$ cat target-v5.txt   # compact mmCIF, C-alpha atoms
# COMPACT_ATOMS: atom_id res chain seq x y z
CA MET A 313 4.94 -4.26 2.79
CA ARG A 314 6.61 -0.87 2.47
CA PRO A 315 8.73 0.48 -0.37
CA THR A 316 11.46 2.58 -1.88
CA SER A 317 10.96 6.29 -1.12
CA LEU A 318 8.57 9.13 -1.78
CA THR A 319 7.68 11.73 0.82
CA ARG A 320 7.22 12.19 4.50
CA ARG A 321 4.03 14.17 4.14
CA ILE A 322 2.75 15.96 1.10
CA CYS A 323 2.31 19.65 1.77
CA ALA A 324 2.14 21.07 -1.75
CA LYS A 325 3.01 19.96 -5.23
CA THR A 326 3.81 21.33 -8.65
CA LEU A 327 4.33 19.76 -12.04
CA ALA A 328 7.29 20.82 -14.16
CA PRO A 329 8.47 19.76 -17.59
CA ALA A 330 10.76 16.76 -17.61
CA VAL A 331 14.45 17.46 -18.17
CA GLY A 332 15.83 15.69 -21.23
CA PRO A 333 13.88 13.71 -23.83
CA PRO A 334 10.10 14.17 -24.04
CA GLY A 335 8.08 12.20 -21.52
CA PRO A 336 5.61 12.60 -18.67
CA PRO A 337 6.07 15.58 -16.37
CA THR A 338 8.45 15.14 -13.49
CA TYR A 339 7.13 15.54 -9.97
CA ARG A 340 8.54 18.15 -7.64
CA LYS A 341 7.45 18.06 -3.99
CA ASN A 342 7.47 20.49 -1.10
CA LEU A 343 7.41 18.53 2.12
CA ILE A 344 7.06 18.90 5.85
CA LYS A 345 9.02 16.77 8.28
CA MET A 346 7.70 13.66 9.98
CA ASP A 347 7.74 15.37 13.38
CA ASP A 348 5.43 18.04 11.97
CA SER A 349 2.91 15.36 11.03
CA PRO A 350 -0.67 15.88 12.25
CA GLU A 351 -0.38 12.56 14.08
CA ALA A 352 2.37 12.42 16.66
CA ARG A 353 5.00 9.70 16.30
CA SER A 354 4.29 8.76 19.93
CA GLN A 355 0.96 7.35 18.76
CA LEU A 356 2.70 4.65 16.68
CA VAL A 357 4.10 2.67 19.61
CA ALA A 358 3.89 -1.11 19.31
CA GLU A 359 0.86 -2.76 20.97
CA LYS A 360 -0.59 0.56 22.18
CA CYS A 361 -4.32 0.90 21.46
CA VAL A 362 -5.14 4.37 20.12
CA SER A 363 -8.55 5.84 19.29
CA LEU A 364 -8.84 7.34 15.81
CA GLY A 365 -12.48 8.42 16.12
CA PRO A 366 -15.85 7.10 17.28
CA GLY A 367 -15.65 3.32 17.37
CA VAL A 368 -12.30 3.14 15.49
CA ARG A 369 -9.05 2.08 17.15
CA ARG A 370 -5.55 1.13 15.98
CA ILE A 371 -2.90 -1.17 17.38
CA VAL A 372 0.56 -1.20 15.76
CA ALA A 373 2.21 -4.62 15.61
CA GLY A 374 5.73 -5.03 16.96
CA ASN A 375 7.25 -5.79 13.56
CA ALA A 376 8.95 -2.47 12.80
CA GLY A 377 11.57 -2.66 10.08
CA LEU A 378 12.89 -1.40 6.76
CA MET A 379 9.84 -2.57 4.83
CA THR A 380 7.23 -2.25 7.60
CA GLY A 381 8.06 1.18 9.02
CA PRO A 382 6.74 1.53 12.60
CA GLY A 383 4.94 -1.81 12.18
CA THR A 384 1.74 -3.16 10.64
CA ASN A 385 -1.41 -1.25 11.59
CA THR A 386 -4.28 -3.35 12.92
CA TYR A 387 -7.62 -1.54 13.08
CA LEU A 388 -10.56 -2.35 15.36
CA PHE A 389 -14.13 -1.25 14.59
CA GLY A 390 -16.86 -1.27 17.25
CA ILE A 391 -16.86 -1.78 20.99
CA ARG A 392 -19.32 -4.58 21.78
CA ASP A 393 -19.29 -6.27 18.39
CA VAL A 394 -15.83 -5.85 16.88
CA ALA A 395 -14.35 -6.22 13.41
CA VAL A 396 -10.57 -6.51 13.08
CA LEU A 397 -8.88 -5.22 9.92
CA ASP A 398 -5.39 -6.55 9.06
CA PRO A 399 -4.56 -8.58 12.17
CA GLY A 400 -0.89 -8.60 11.18
CA PRO A 401 1.86 -11.18 11.71
CA ASP A 402 1.35 -14.31 13.78
CA ASP A 403 2.82 -12.85 16.93
CA ALA A 404 1.80 -13.76 20.48
CA ARG A 405 2.23 -10.26 21.90
CA HIS A 406 0.16 -8.71 19.12
CA LEU A 407 -2.54 -11.35 19.55
CA GLU A 408 -2.68 -10.55 23.27
CA ALA A 409 -2.99 -6.82 22.58
CA ILE A 410 -5.83 -7.33 20.09
CA LEU A 411 -7.77 -9.63 22.42
CA ALA A 412 -7.27 -7.28 25.37
CA ALA A 413 -8.60 -4.30 23.39
CA ALA A 414 -11.43 -6.09 21.59
CA GLY A 415 -12.70 -8.27 24.40
CA PRO A 416 -14.92 -11.27 23.59
CA GLY A 417 -16.87 -9.58 20.80
CA ILE A 418 -14.72 -10.16 17.69
CA ARG A 419 -17.20 -11.10 14.96
CA SER A 420 -15.10 -10.72 11.80
CA VAL A 421 -11.47 -10.53 10.74
CA ILE A 422 -10.95 -8.63 7.48
CA VAL A 423 -7.74 -8.31 5.47
CA THR A 424 -6.63 -5.82 2.84
CA HIS A 425 -4.28 -8.40 1.25
CA THR A 426 -2.32 -11.48 2.22
CA HIS A 427 1.33 -10.47 2.45
CA PRO A 428 2.99 -12.03 5.52
CA ASP A 429 2.95 -8.81 7.56
CA HIS A 430 -0.83 -8.35 7.25
CA SER A 431 -2.87 -11.56 7.47
CA PRO A 432 -1.16 -14.52 9.23
CA LEU A 433 -2.71 -13.80 12.64
CA ALA A 434 -6.20 -14.07 11.11
CA ARG A 435 -6.35 -17.83 11.46
CA ARG A 436 -5.49 -17.85 15.19
CA LEU A 437 -7.94 -15.05 15.88
CA ALA A 438 -10.69 -16.95 14.08
CA GLU A 439 -9.88 -20.15 15.95
CA LEU A 440 -10.03 -18.38 19.31
CA THR A 441 -13.11 -16.24 18.69
CA GLY A 442 -15.14 -17.94 15.96
CA ALA A 443 -14.84 -14.79 13.85
CA ARG A 444 -15.61 -14.94 10.14
CA LEU A 445 -12.61 -14.42 7.85
CA ILE A 446 -13.17 -11.86 5.07
CA GLY A 447 -10.84 -11.04 2.21
CA LEU A 448 -9.63 -12.24 -1.16
CA PRO A 449 -7.67 -15.52 -1.29
CA PRO A 450 -3.87 -15.47 -1.56
CA PRO A 451 -2.40 -15.48 -5.08
CA GLY A 452 0.09 -18.20 -5.90
CA ASP A 453 3.25 -16.13 -6.35
CA GLY A 454 5.11 -17.49 -3.33
CA ARG A 455 5.01 -14.18 -1.45
CA GLN A 456 1.67 -14.70 0.29
CA ASP A 457 0.24 -15.99 3.55
CA ALA A 458 -1.00 -19.38 2.33
CA THR A 459 -2.78 -19.99 5.66
CA PHE A 460 -5.45 -17.38 4.95
CA ALA A 461 -8.66 -19.16 3.94
CA PRO A 462 -11.48 -16.60 3.69
CA GLN A 463 -15.07 -17.60 4.41
CA HIS A 464 -16.37 -14.57 2.55
CA LEU A 465 -14.89 -12.89 -0.52
CA PRO A 466 -15.93 -9.21 -0.54
CA LEU A 467 -17.41 -7.99 -3.79
CA ASP A 468 -16.23 -4.71 -5.25
CA GLY A 469 -18.52 -2.07 -3.71
CA GLU A 470 -19.99 -4.42 -1.11
CA ARG A 471 -20.97 -2.98 2.26
CA LEU A 472 -19.65 -5.06 5.13
CA PRO A 473 -20.78 -4.81 8.76
CA ALA A 474 -17.91 -3.72 10.99
CA GLY A 475 -18.84 -3.19 14.61
CA ASP A 476 -21.62 -0.60 14.66
CA CYS A 477 -20.74 0.75 11.21
CA GLN A 478 -20.19 -0.42 7.65
CA LEU A 479 -17.13 -0.60 5.46
CA ILE A 480 -17.29 -0.37 1.67
CA ALA A 481 -14.95 -2.84 -0.02
CA ILE A 482 -13.06 -1.37 -3.00
CA HIS A 483 -10.97 -3.72 -5.11
CA THR A 484 -7.60 -2.04 -5.76
CA PRO A 485 -5.17 -4.47 -7.40
CA GLY A 486 -1.64 -3.26 -8.05
CA HIS A 487 0.67 -3.78 -5.07
CA ALA A 488 -0.79 -7.29 -5.10
CA SER A 489 -3.67 -8.66 -7.16
CA ASN A 490 -5.88 -9.25 -4.10
CA CYS A 491 -5.58 -5.79 -2.53
CA VAL A 492 -8.82 -4.35 -1.19
CA CYS A 493 -9.27 -0.90 0.37
CA TYR A 494 -12.12 -0.26 2.81
CA LEU A 495 -14.00 3.03 3.17
CA LEU A 496 -15.64 4.12 6.42
CA GLU A 497 -18.11 6.58 4.95
CA ARG A 498 -19.31 8.21 8.14
CA GLU A 499 -15.75 9.31 9.00
CA ARG A 500 -14.68 9.87 5.36
CA LEU A 501 -11.73 7.63 6.26
CA LEU A 502 -10.15 5.24 3.74
CA PHE A 503 -8.22 2.19 4.95
CA THR A 504 -5.67 1.33 2.27
CA GLY A 505 -3.43 -1.47 3.53
CA ASP A 506 -0.28 -1.21 1.39
CA HIS A 507 -1.98 0.43 -1.59
CA VAL A 508 -1.20 3.87 -0.09
CA LEU A 509 1.37 4.31 2.69
CA GLU A 510 2.56 7.21 4.79
CA GLY A 511 5.74 8.77 3.48
CA VAL A 512 6.66 6.22 0.83
CA SER A 513 5.38 4.67 -2.38
CA PRO A 514 4.55 0.95 -2.21
CA VAL A 515 6.63 -1.70 -3.90
CA ILE A 516 4.85 -3.29 -6.87
CA LEU A 517 5.63 -7.01 -6.79
CA PRO A 518 5.44 -8.67 -10.22
CA PRO A 519 4.23 -10.92 -11.64
CA ASP A 520 1.28 -10.75 -9.24
CA GLY A 521 1.71 -7.01 -8.65
CA ASP A 522 0.88 -4.91 -11.69
CA MET A 523 1.84 -1.29 -12.38
CA SER A 524 -0.98 -0.63 -14.86
CA ALA A 525 -3.50 -2.00 -12.38
CA TYR A 526 -1.96 0.10 -9.60
CA LEU A 527 -2.37 3.35 -11.55
CA HIS A 528 -5.94 2.39 -12.49
CA SER A 529 -6.72 1.69 -8.83
CA LEU A 530 -5.37 5.11 -7.79
CA ASP A 531 -7.69 6.72 -10.33
CA LYS A 532 -10.60 4.58 -9.16
CA LEU A 533 -10.23 5.75 -5.55
CA GLN A 534 -10.52 9.39 -6.62
CA SER A 535 -14.24 8.84 -7.26
CA PHE A 536 -14.97 8.01 -3.60
CA ASP A 537 -15.78 10.56 -0.90
CA PHE A 538 -13.01 10.54 1.70
CA GLU A 539 -10.73 13.06 3.32
CA ARG A 540 -8.25 11.01 5.37
CA ILE A 541 -6.25 7.85 4.68
CA ALA A 542 -5.44 5.23 7.31
CA PRO A 543 -2.57 3.22 5.78
CA GLY A 544 -1.21 -0.23 6.50
CA HIS A 545 1.97 1.33 7.91
CA GLY A 546 2.39 4.80 9.41
CA GLY A 547 0.05 7.48 10.69
CA VAL A 548 -3.29 8.76 9.46
CA MET A 549 -2.88 11.20 6.55
CA GLU A 550 -4.96 14.26 5.77
CA ARG A 551 -5.79 15.51 2.23
CA GLY A 552 -6.17 12.01 0.88
CA LYS A 553 -7.07 13.00 -2.68
CA GLU A 554 -3.89 15.07 -2.96
CA ILE A 555 -1.87 12.10 -1.79
CA LEU A 556 -3.40 9.90 -4.50
CA GLY A 557 -2.52 12.49 -7.14
CA ALA A 558 1.02 12.77 -5.81
CA LEU A 559 1.48 9.00 -5.91
CA ARG A 560 0.31 8.87 -9.51
CA ALA A 561 2.65 11.71 -10.49
CA HIS A 562 5.52 10.00 -8.68
CA ARG A 563 4.96 6.74 -10.56
CA LEU A 564 4.85 8.53 -13.93
CA ALA A 565 7.98 10.50 -13.08
CA ARG A 566 9.73 7.23 -12.23
CA GLU A 567 8.51 5.79 -15.54
CA ALA A 568 10.10 8.76 -17.29
CA LYS A 569 13.39 7.88 -15.58
CA VAL A 570 13.06 4.29 -16.81
CA LEU A 571 12.65 5.51 -20.38
CA GLY A 572 15.52 7.97 -19.97
CA GLY A 573 17.77 5.25 -18.55
CA LEU A 574 17.04 2.95 -21.48
CA ARG A 575 17.82 5.76 -23.94
CA ARG A 576 21.20 6.34 -22.32
CA LEU A 577 22.18 2.69 -21.87
CA THR A 578 20.63 1.45 -25.15
CA ALA A 579 20.29 -2.04 -23.65
CA ALA A 580 20.44 -3.02 -19.98
CA THR A 581 19.66 -5.79 -17.52
CA LEU A 582 17.46 -5.10 -14.50
CA ASP A 583 20.54 -4.99 -12.29
CA GLU A 584 22.22 -2.45 -14.58
CA LEU A 585 19.15 -0.27 -14.86
CA THR A 586 18.19 -0.21 -11.17
CA PRO A 587 20.93 2.17 -9.91
CA VAL A 588 20.31 4.47 -12.88
CA VAL A 589 16.55 4.75 -12.33
CA TYR A 590 16.79 4.73 -8.52
CA ASP A 591 19.83 6.95 -8.05
CA ASP A 592 17.81 8.88 -5.46
CA VAL A 593 17.13 5.77 -3.34
CA ALA A 594 19.47 4.28 -0.73
CA VAL A 595 21.43 1.31 -2.09
CA GLU A 596 20.12 -1.00 0.64
CA ARG A 597 16.63 -0.54 -0.82
CA HIS A 598 17.64 -1.36 -4.39
CA ARG A 599 16.64 -5.02 -4.16
CA TRP A 600 13.08 -3.82 -3.52
CA ALA A 601 13.31 -1.02 -6.07
CA ARG A 602 14.34 -3.63 -8.64
CA LEU A 603 10.93 -5.30 -8.24
CA THR A 604 9.06 -2.07 -8.93
CA LEU A 605 11.40 -1.37 -11.86
CA GLU A 606 10.43 -4.73 -13.33
CA ALA A 607 6.75 -3.78 -12.92
CA HIS A 608 7.39 -0.53 -14.80
CA LEU A 609 9.14 -2.43 -17.60
CA ILE A 610 6.32 -4.98 -17.88
CA LYS A 611 3.87 -2.08 -18.24
CA LEU A 612 6.04 -0.49 -20.95
CA ALA A 613 6.32 -3.83 -22.76
CA ARG A 614 2.54 -4.21 -22.80
CA GLU A 615 2.34 -0.74 -24.29
CA HIS A 616 4.94 -1.71 -26.93
CA ARG A 617 7.33 0.97 -25.67
CA ALA A 618 10.02 -1.42 -24.39
CA GLY A 619 10.95 -5.05 -24.82
CA GLU A 620 13.19 -7.73 -23.35
CA SER A 621 15.41 -10.29 -25.07
CA ASP A 622 17.97 -12.55 -23.38
CA GLY A 623 17.68 -10.53 -20.18
CA LEU A 624 18.34 -7.18 -21.87
CA TRP A 625 15.72 -4.45 -21.95
CA ARG A 626 15.55 -1.99 -24.85
CA LEU A 627 13.23 0.73 -26.07
CA THR A 628 11.04 -0.29 -28.96
CA GLN A 629 10.14 3.34 -29.78
CA LEU A 630 13.17 5.61 -30.15
$ encode --input "target-v5.txt" --output "structure tokens"
Amino acid sequence: MRPTSLTRRICAKTLAPAVGPPGPPTYRKNLIKMDDSPEARSQLVAEKCVSLGPGVRRIVAGNAGLMTGPGTNTYLFGIRDVAVLDPGPDDARHLEAILAAAGPGIRSVIVTHTHPDHSPLARRLAELTGARLIGLPPPGDGRQDATFAPQHLPLDGERLPAGDCQLIAIHTPGHASNCVCYLLERERLLFTGDHVLEGVSPVILPPDGDMSAYLHSLDKLQSFDFERIAPGHGGVMERGKEILGALRAHRLAREAKVLGGLRRLTAATLDELTPVVYDDVAVERHRWARLTLEAHLIKLAREHRAGESDGLWRLTQL
């Protein structure tokens, strides 16, 4: 599931002092346009199978939209024996495209998380092919694909066979509590699901999604050896470590706006605070931004920097 707004592609970045009361540094970005992206937009056509490297292919599901961008990316590993990562929504055309590209050799279906745009097709694929379902079970927050019943729960750091290669499972809670990224070491390519997206920052969906966990997971990924990121939505991104740093800076800059908004308003509901903190985001996205705002506020409450009473949020440290 995609988000509010961040960048189209990070080209360079600088940190500058925040304007106003003391707080984390704001984030200032220099960007290049989407049509200057290293991966052409023509490669993100629904149900078109595209090679991303030796034994790695991608098929974009036909579920393009505000929160899914060009559509959910499904990745195939291997030629004879095939692993499918994030099969996507339960859609007949997408199922047909996956089966046509993979042939009879699907051995496993792996998911990064269980939001409805990523995992529902897993069950049908498994029924048709006998593939083993791999991933963490759906949390009970009402936003998940309850049909996903994994046969194997990947351990943090576990190496999983995927076609003729291996994927390293990396637990990265934040966007959702069951998010897992997968690293293809030989290509230095990290598959992130919705933890990192092209051009935008992911929505954090409380109470299951957790802002503190998200920031910790970004830091955790920095310790792995990768160069490119293959996201759940959008094209492959170069300079993956820079993108992680930019996402972290973006989240802290947004947190600074939350604190600044509470200073100005003194006390505010979520609905009152959302347009203040997300004044740079289109109004039609504010219902999603409100969720991430709540995640920021929960983090600040845990840190004893803000608190809520009768629906009103206030600073606890002035």
$ closest_residue --input "target-v5.txt" --among "A:His425, A:Arg626, A:His406, A:Arg617" --to "Pro485 of chain A" --atoms "all atoms listed in the file"
A:His425
$ residues_near_point --input "target-v5.txt" --point "(-8.5, -14.8, 13.3)" --cutoff "12 Å" --atoms "only C-alpha atoms" --output "mmCIF file with C-alpha atoms, keeping the file's coordinate frame"
data_model
loop_
_atom_site.group_PDB
_atom_site.id
_atom_site.type_symbol
_atom_site.label_atom_id
_atom_site.label_comp_id
_atom_site.auth_asym_id
_atom_site.auth_seq_id
_atom_site.Cartn_x
_atom_site.Cartn_y
_atom_site.Cartn_z
ATOM 1 C CA ALA A 395 -14.350 -6.220 13.410
ATOM 2 C CA VAL A 396 -10.570 -6.510 13.080
ATOM 3 C CA LEU A 397 -8.880 -5.220 9.920
ATOM 4 C CA ASP A 398 -5.390 -6.550 9.060
ATOM 5 C CA PRO A 399 -4.560 -8.580 12.170
ATOM 6 C CA GLY A 400 -0.890 -8.600 11.180
ATOM 7 C CA PRO A 401 1.860 -11.180 11.710
ATOM 8 C CA ASP A 402 1.350 -14.310 13.780
ATOM 9 C CA LEU A 407 -2.540 -11.350 19.550
ATOM 10 C CA ILE A 410 -5.830 -7.330 20.090
ATOM 11 C CA LEU A 411 -7.770 -9.630 22.420
ATOM 12 C CA ILE A 418 -14.720 -10.160 17.690
ATOM 13 C CA ARG A 419 -17.200 -11.100 14.960
ATOM 14 C CA SER A 420 -15.100 -10.720 11.800
ATOM 15 C CA VAL A 421 -11.470 -10.530 10.740
ATOM 16 C CA ILE A 422 -10.950 -8.630 7.480
ATOM 17 C CA VAL A 423 -7.740 -8.310 5.470
ATOM 18 C CA HIS A 430 -0.830 -8.350 7.250
ATOM 19 C CA SER A 431 -2.870 -11.560 7.470
ATOM 20 C CA PRO A 432 -1.160 -14.520 9.230
ATOM 21 C CA LEU A 433 -2.710 -13.800 12.640
ATOM 22 C CA ALA A 434 -6.200 -14.070 11.110
ATOM 23 C CA ARG A 435 -6.350 -17.830 11.460
ATOM 24 C CA ARG A 436 -5.490 -17.850 15.190
ATOM 25 C CA LEU A 437 -7.940 -15.050 15.880
ATOM 26 C CA ALA A 438 -10.690 -16.950 14.080
ATOM 27 C CA GLU A 439 -9.880 -20.150 15.950
ATOM 28 C CA LEU A 440 -10.030 -18.380 19.310
ATOM 29 C CA THR A 441 -13.110 -16.240 18.690
ATOM 30 C CA GLY A 442 -15.140 -17.940 15.960
ATOM 31 C CA ALA A 443 -14.840 -14.790 13.850
ATOM 32 C CA ARG A 444 -15.610 -14.940 10.140
ATOM 33 C CA LEU A 445 -12.610 -14.420 7.850
ATOM 34 C CA ILE A 446 -13.170 -11.860 5.070
ATOM 35 C CA GLY A 447 -10.840 -11.040 2.210
ATOM 36 C CA THR A 459 -2.780 -19.990 5.660
ATOM 37 C CA PHE A 460 -5.450 -17.380 4.950
ATOM 38 C CA ALA A 461 -8.660 -19.160 3.940
ATOM 39 C CA PRO A 462 -11.480 -16.600 3.690
ATOM 40 C CA GLN A 463 -15.070 -17.600 4.410
#
$ atom_distance --input "target-v5.txt" --atom1 "atom CA of Asp429 of chain A" --atom2 "atom CA of Ala558 of chain A"
25.5 Å
$ closest_atom_pairs --input "target-v5.txt" --of "segment 380-427 of chain A" --to "segment 359-374 of chain A" --cutoff "9 Å" --atoms "only C-alpha atoms" --output "CSV"
residue,atom,partner,partner_atom,distance
A:Pro382,CA,A:Val372,CA,7.5
A:Gly383,CA,A:Ala373,CA,5.2
A:Thr384,CA,A:Ala373,CA,5.2
A:Asn385,CA,A:Val372,CA,4.6
A:Thr386,CA,A:Ile371,CA,5.2
A:Tyr387,CA,A:Arg370,CA,4.5
A:Leu388,CA,A:Arg369,CA,5.0
A:Phe389,CA,A:Val368,CA,4.8
A:Gly390,CA,A:Gly367,CA,4.7
A:Ile391,CA,A:Gly367,CA,6.4
A:Pro399,CA,A:Ala373,CA,8.6
A:Gly400,CA,A:Ala373,CA,6.7
A:Pro401,CA,A:Ala373,CA,7.6
A:Asp403,CA,A:Gly374,CA,8.3
A:Arg405,CA,A:Glu359,CA,7.7
A:His406,CA,A:Ala373,CA,5.8
A:Glu408,CA,A:Glu359,CA,8.9
A:Ala409,CA,A:Glu359,CA,5.8
A:Ile410,CA,A:Ile371,CA,7.3
A:Ala413,CA,A:Cys361,CA,7.0
$ closest_residue --input "target-v5.txt" --among "A:Phe503, A:Phe536, A:Tyr526, A:Trp625" --to "Ala579 of chain A" --atoms "all atoms listed in the file"
A:Trp625
$ residues_around --input "target-v5.txt" --residues "Leu496 of chain A" --least-positions-apart "5" --cutoff "8 Å" --atoms "all atoms listed in the file" --output "list in words"
Cys477, Gln478, Leu479, Ile480, Leu501, Leu502 and Phe503 of chain A
$ write_last_selection --input "target-v5.txt" --atoms "C-alpha atoms" --output "JSON list (two decimals), in the coordinates of the input"
[["chain", "number", "residue", "atom", "x", "y", "z"],
["A", 477, "CYS", "CA", -20.74, 0.75, 11.21],
["A", 478, "GLN", "CA", -20.19, -0.42, 7.65],
["A", 479, "LEU", "CA", -17.13, -0.60, 5.46],
["A", 480, "ILE", "CA", -17.29, -0.37, 1.67],
["A", 501, "LEU", "CA", -11.73, 7.63, 6.26],
["A", 502, "LEU", "CA", -10.15, 5.24, 3.74],
["A", 503, "PHE", "CA", -8.22, 2.19, 4.95]]
$ atom_distance --input "target-v5.txt" --atom1 "atom CA of Asn375 of chain A" --atom2 "atom CA of Pro428 of chain A"
11.0 Å
$ atom_distance --input "target-v5.txt" --atom1 "atom CA of Lys553 of chain A" --atom2 "atom CA of Asp531 of chain A"
9.9 Å
$ residues_around --input "target-v5.txt" --residues "Cys491 of chain A" --least-positions-apart "2" --cutoff "9 Å" --atoms "only C-alpha atoms" --output "short mmCIF file (atom, residue, chain, number, x, y, z; two decimals) with C-alpha atoms, keeping the file's coordinate frame"
data_model
loop_
_atom_site.label_atom_id
_atom_site.label_comp_id
_atom_site.auth_asym_id
_atom_site.auth_seq_id
_atom_site.Cartn_x
_atom_site.Cartn_y
_atom_site.Cartn_z
CA VAL A 423 -7.74 -8.31 5.47
CA THR A 424 -6.63 -5.82 2.84
CA HIS A 425 -4.28 -8.40 1.25
CA THR A 426 -2.32 -11.48 2.22
CA GLY A 447 -10.84 -11.04 2.21
CA LEU A 448 -9.63 -12.24 -1.16
CA ILE A 482 -13.06 -1.37 -3.00
CA HIS A 483 -10.97 -3.72 -5.11
CA THR A 484 -7.60 -2.04 -5.76
CA PRO A 485 -5.17 -4.47 -7.40
CA GLY A 486 -1.64 -3.26 -8.05
CA HIS A 487 0.67 -3.78 -5.07
CA ALA A 488 -0.79 -7.29 -5.10
CA SER A 489 -3.67 -8.66 -7.16
CA CYS A 493 -9.27 -0.90 0.37
CA THR A 504 -5.67 1.33 2.27
CA GLY A 505 -3.43 -1.47 3.53
CA ASP A 506 -0.28 -1.21 1.39
CA HIS A 507 -1.98 0.43 -1.59
#
$ closest_residue --input "target-v5.txt" --among "A:Leu527, A:Ala607, A:Leu627, A:Val593" --to "Ala580 of chain A" --atoms "all atoms listed in the file"
A:Leu627
$ residues_around --input "target-v5.txt" --residues "Glu567 of chain A" --least-positions-apart "4" --cutoff "12 Å" --atoms "all atoms listed in the file" --output "PDB file with C-alpha atoms, keeping the file's coordinate frame"
ATOM      1  CA  ALA A 330      10.760  16.760 -17.610  1.00  0.00           C
ATOM      2  CA  GLY A 335       8.080  12.200 -21.520  1.00  0.00           C
ATOM      3  CA  PRO A 336       5.610  12.600 -18.670  1.00  0.00           C
ATOM      4  CA  PRO A 337       6.070  15.580 -16.370  1.00  0.00           C
ATOM      5  CA  THR A 338       8.450  15.140 -13.490  1.00  0.00           C
ATOM      6  CA  TYR A 339       7.130  15.540  -9.970  1.00  0.00           C
ATOM      7  CA  MET A 523       1.840  -1.290 -12.380  1.00  0.00           C
ATOM      8  CA  SER A 524      -0.980  -0.630 -14.860  1.00  0.00           C
ATOM      9  CA  LEU A 527      -2.370   3.350 -11.550  1.00  0.00           C
ATOM     10  CA  ARG A 560       0.310   8.870  -9.510  1.00  0.00           C
ATOM     11  CA  ALA A 561       2.650  11.710 -10.490  1.00  0.00           C
ATOM     12  CA  HIS A 562       5.520  10.000  -8.680  1.00  0.00           C
ATOM     13  CA  ARG A 563       4.960   6.740 -10.560  1.00  0.00           C
ATOM     14  CA  LEU A 571      12.650   5.510 -20.380  1.00  0.00           C
ATOM     15  CA  GLY A 572      15.520   7.970 -19.970  1.00  0.00           C
ATOM     16  CA  GLY A 573      17.770   5.250 -18.550  1.00  0.00           C
ATOM     17  CA  LEU A 574      17.040   2.950 -21.480  1.00  0.00           C
ATOM     18  CA  VAL A 589      16.550   4.750 -12.330  1.00  0.00           C
ATOM     19  CA  TYR A 590      16.790   4.730  -8.520  1.00  0.00           C
ATOM     20  CA  THR A 604       9.060  -2.070  -8.930  1.00  0.00           C
ATOM     21  CA  LEU A 605      11.400  -1.370 -11.860  1.00  0.00           C
ATOM     22  CA  GLU A 606      10.430  -4.730 -13.330  1.00  0.00           C
ATOM     23  CA  ALA A 607       6.750  -3.780 -12.920  1.00  0.00           C
ATOM     24  CA  HIS A 608       7.390  -0.530 -14.800  1.00  0.00           C
ATOM     25  CA  LEU A 609       9.140  -2.430 -17.600  1.00  0.00           C
ATOM     26  CA  ILE A 610       6.320  -4.980 -17.880  1.00  0.00           C
ATOM     27  CA  LYS A 611       3.870  -2.080 -18.240  1.00  0.00           C
ATOM     28  CA  LEU A 612       6.040  -0.490 -20.950  1.00  0.00           C
ATOM     29  CA  ARG A 617       7.330   0.970 -25.670  1.00  0.00           C
ATOM     30  CA  ALA A 618      10.020  -1.420 -24.390  1.00  0.00           C
TER      31      ALA A 618
END
$ residues_around --input "target-v5.txt" --residues "Val508 of chain A" --least-positions-apart "4" --cutoff "9 Å" --atoms "all atoms listed in the file" --output "list in words"
Phe503, Thr504, Val512, Ser513, Pro514, Leu530, Ile541, Ala542, Pro543, Gly544, His545, Ile555, Leu556 and Leu559 of chain A
$ closest_residue --input "target-v5.txt" --among "A:Ala568, A:Leu624, A:Met379, A:Ala481" --to "Val515 of chain A" --atoms "only C-alpha atoms"
A:Met379
$ residues_around --input "target-v5.txt" --residues "Gly454 of chain A" --least-positions-apart "4" --cutoff "10 Å" --atoms "only C-alpha atoms" --output "list in words"
His427, Pro450, Ala458 and Asp520 of chain A
